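As structure tokens, the structure follows; a few thoughts come after it.
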Amino acid sequence: NNRREKTMKNYVIVTDSTADLPVNIIEEYGIVVLPLTFGFENENYMDYPDHREFGISEFYDRIKKGEKSNTAMINSSAFEKHFEQILDEGNDILYMAFSSGLSGTYASSVTAKEELLTRHKDARIECIDTLSASLGEGLLVYCAAQKKREGFTIDETKQWILDNRLHLCHWFTVDDLFHLKRGGRINSMTATLGTALSVKPVLHVDNEGFLIPVSNVRGRKKSLVSMLERMEKTYDNPEGNSVFISHADCIGDAEYLAELVKEKFKIKEVIINYIGPVIGSHTGQGCVALFFFGTER
């Protein structure tokens with residue numbers, strides 16, 4: 001009987017603010033979201049999903065004016081503090097991390113887990129690299145939370161995530177190439193030429209969770225249509241059909257893409273939300289990203 005009780009212990013789904021999930025989903029499913037940090041020269045802020053420390057529109061206004069925002073991952077002592085609180089309330093932890101291809105956050109969580117398990121012998125802490133970012137990470141977390149609500153155990157939910165994370169397709173385009181150049185994603189020659197020719201790169205996140213430029217398209221509308229074309233090639237409808245779109249302060253473009261998607265596919269819901277300041281620091285203002293489950297990334 002004791003064995004059964006142990007497997008029936010409640011678990012909490014934890015993720016990062018880089019999942020860019022809307023507050024209503026976080027609250028409805030009881031998801032715990034840990035903030036990364038961002039800031040301008042001598043200012044630092046915690047990136048909460050409700051943007052309580054720094055307004056999201058104000059953030060993009062400053063980015064548009066050319067200010068540089070720096071970001072920092074969650075370190076292992078912050079993970080220990082957050083995780084310990086959850087363990088002390090008698091819960092196990094299923095943590096879904098921002099892609100290890102883009103941040104050291106996942107590695108920090110593993111360090112914290114090892115430390116905590118020396119003190120909490122009977123605790124379960126599962127750290128999973130989602131290999132995803134923005135609402136791609138968010139869509140995976142949202143589906144995992146739905147599985148938990150359906151009664152999946154921590155092991156079943158973990159297995160579901162591992163089975164499905166490489167089916168989570170990430171496609172996005174940016175308006176200005178210089179932010180990607182600063183992050184070392186493209187070289188300056190490409191950035192200068194692209195900006196002169198109004199070339200919009202279409203990028204995706206690959207199976208290792210890295211950001212990869214895939215093609216260049218001339219003009220903004222074409223780049224949005226190009227993402228829809230990518231979706232047509234791989235879109236698969238196993239998971240009740242949610243499609244997520246995130247945007248860096250360009251809601252009109254996000255809504256245009258949402259309409260294209262709804263016209264093309266019979267989709268139950270398309271959820272749109274901001275790209276938060278941590279990812280927005282690297283994409284700049286004007287990024288639009290499309291996330292869905294497909295046959296492959």
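Chain lettering (A, B, ...) mirrors the order of the structure tokens, residue numbering begins at 1 for each chain separately, and ligand numbering begins at 1 in order of display.
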Task: Members of region 21-205 of chain A assigned strand (DSSP E or B) by DSSP, as JSON, numbers by chain - done: {"A": [32, 33, 34, 37, 38, 39, 45, 46, 70, 71, 72, 92, 93, 94, 95, 96, 97, 125, 126, 127, 128, 129, 168, 169, 170, 171, 172, 173, 199, 200, 201, 202, 203, 204, 205]}
Neighbour list for Thr234 (chain A) as a PDB file with N, CA, C and O atoms, in the first residue's frame, cut-off 8 Å, only C-alpha atoms, skip fewer than 6 positions in-chain:
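around11.pdb written:
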ATOM      1  N   GLY A 294       3.822  18.800 -35.437  1.00  0.00           N
ATOM      2  CA  GLY A 294       3.995  18.326 -36.803  1.00  0.00           C
ATOM      3  C   GLY A 294       4.662  16.957 -36.825  1.00  0.00           C
ATOM      4  O   GLY A 294       5.041  16.410 -35.796  1.00  0.00           O
ATOM      5  N   THR A 295       4.825  16.435 -38.031  1.00  0.00           N
ATOM      6  CA  THR A 295       5.450  15.120 -38.178  1.00  0.00           C
ATOM      7  C   THR A 295       6.919  15.165 -37.768  1.00  0.00           C
ATOM      8  O   THR A 295       7.482  14.196 -37.275  1.00  0.00           O
ATOM      9  N   GLU A 296       7.556  16.313 -37.984  1.00  0.00           N
ATOM     10  CA  GLU A 296       8.955  16.514 -37.566  1.00  0.00           C
ATOM     11  C   GLU A 296       9.188  18.009 -37.477  1.00  0.00           C
ATOM     12  O   GLU A 296       8.401  18.806 -37.947  1.00  0.00           O
ATOM     13  N   ARG A 297      10.319  18.401 -36.867  1.00  0.00           N
ATOM     14  CA  ARG A 297      10.594  19.826 -36.678  1.00  0.00           C
ATOM     15  C   ARG A 297      10.908  20.527 -37.987  1.00  0.00           C
ATOM     16  O   ARG A 297      11.629  20.066 -38.812  1.00  0.00           O
TER      17      ARG A 297
END
Task: Long-range neighbours of Asn207 (chain A) as a ChimeraX atom specification, 10 Å cut-off, only C-alpha atoms, 6 positions minimum in chain - done: /A:101,131-132,165-169,296-297
Put those residues in a file: N, CA, C and O atoms, as a tab-separated table (two decimals), in the first residue's frame.
chain	number	residue	atom	x	y	z
A	101	GLY	N	19.79	24.35	-25.95
A	101	GLY	CA	20.51	24.93	-27.09
A	101	GLY	C	20.57	26.45	-27.04
A	101	GLY	O	21.32	27.07	-27.80
A	131	LEU	N	13.83	21.49	-25.34
A	131	LEU	CA	14.45	21.81	-26.63
A	131	LEU	C	13.60	22.83	-27.38
A	131	LEU	O	13.60	22.88	-28.61
A	132	SER	N	12.86	23.63	-26.63
A	132	SER	CA	11.89	24.56	-27.20
A	132	SER	C	12.04	25.94	-26.58
A	132	SER	O	12.70	26.11	-25.56
A	165	ARG	N	8.26	16.14	-27.84
A	165	ARG	CA	8.97	17.43	-27.94
A	165	ARG	C	9.59	17.67	-29.32
A	165	ARG	O	9.65	18.81	-29.77
A	166	LEU	N	10.01	16.62	-30.00
A	166	LEU	CA	10.60	16.83	-31.33
A	166	LEU	C	9.56	16.92	-32.44
A	166	LEU	O	9.89	17.03	-33.61
A	167	HIS	N	8.29	16.88	-32.03
A	167	HIS	CA	7.21	17.13	-33.00
A	167	HIS	C	6.70	18.56	-32.87
A	167	HIS	O	5.79	18.96	-33.58
A	168	LEU	N	7.30	19.29	-31.91
A	168	LEU	CA	6.84	20.66	-31.71
A	168	LEU	C	7.61	21.59	-32.65
A	168	LEU	O	8.79	21.84	-32.46
A	169	CYS	N	6.93	22.05	-33.68
A	169	CYS	CA	7.57	22.85	-34.73
A	169	CYS	C	7.61	24.32	-34.35
A	169	CYS	O	6.62	24.87	-33.86
A	296	GLU	N	7.56	16.31	-37.98
A	296	GLU	CA	8.95	16.51	-37.57
A	296	GLU	C	9.19	18.01	-37.48
A	296	GLU	O	8.40	18.81	-37.95
A	297	ARG	N	10.32	18.40	-36.87
A	297	ARG	CA	10.59	19.83	-36.68
A	297	ARG	C	10.91	20.53	-37.99
A	297	ARG	O	11.63	20.07	-38.81
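Closest approach to Leu102 (chain A) from the set A:Ala123, A:Ile212, A:Leu228, A:Ile271 is made by A:Ile212, with distances taken over only C-alpha atoms.
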- [ ] Would you kindly return, as number ranges by chain, each protein, DNA or RNA residue with an atom no farther than 12 Å from any atom of region 73-89 of chain A, considering only C-alpha atoms and excluding same-chain residues fewer than 4 positions away?
- [x] A: 9-18, 31-38, 46-47, 93-95, 97-100, 102-127, 278-279
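Coordinates place CA of Val199 (chain A) at a distance of 10.3 Å from CA of Thr173 (chain A).
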Which residues come within 10 Å of Ala145 (chain A), counting only C-alpha atoms, excluding same-chain residues fewer than 5 positions away, as a PDB file with C-alpha atoms, in the first residue's frame?
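Contents of result23.pdb, freshly written:
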ATOM      1  CA  VAL A  12       3.567  20.296  -9.852  1.00  0.00           C
ATOM      2  CA  ILE A  13       4.466  21.326 -13.393  1.00  0.00           C
ATOM      3  CA  VAL A  14       7.145  24.018 -13.327  1.00  0.00           C
ATOM      4  CA  ILE A  25      -3.484  29.427 -18.789  1.00  0.00           C
ATOM      5  CA  ILE A  26      -0.875  29.530 -15.999  1.00  0.00           C
ATOM      6  CA  GLU A  28      -6.124  27.726 -14.820  1.00  0.00           C
ATOM      7  CA  TYR A  29      -3.673  24.806 -14.744  1.00  0.00           C
ATOM      8  CA  GLY A  30      -1.709  25.752 -11.628  1.00  0.00           C
ATOM      9  CA  ILE A  31       1.584  25.929 -13.533  1.00  0.00           C
ATOM     10  CA  LEU A 139       2.561  24.797 -26.033  1.00  0.00           C
ATOM     11  CA  LEU A 140       4.450  21.754 -24.745  1.00  0.00           C
ATOM     12  CA  GLU A 150      -6.576  13.939 -17.399  1.00  0.00           C
ATOM     13  CA  GLY A 151      -4.924  11.898 -14.653  1.00  0.00           C
ATOM     14  CA  PHE A 152      -1.496  11.131 -16.103  1.00  0.00           C
ATOM     15  CA  THR A 157       3.510  12.914 -18.398  1.00  0.00           C
TER      16      THR A 157
END
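Considering only C-alpha atoms, the residue among A:Lys222, A:Lys148, A:Lys266, A:His247 positioned nearest to Tyr235 (chain A) is A:Lys266.
The coordinates place CA of Ser223 (chain A) at 23.0 Å from CA of Gly138 (chain A).
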- [ ] Could you tell me, as a ChimeraX atom specification, which residues of region 12-231 of chain A DSSP assigns to alpha helix (DSSP H) when given the backbone?
- [x] /A:23-29,56-64,76-88,105-119,134-149,154-164,178-182,188-196,220-231
Task: Spatial neighbours of Ile251 (chain A), 9 Å, only C-alpha atoms, chain gap at least 6 places, as a ChimeraX atom specification - done: /A:272-274,288
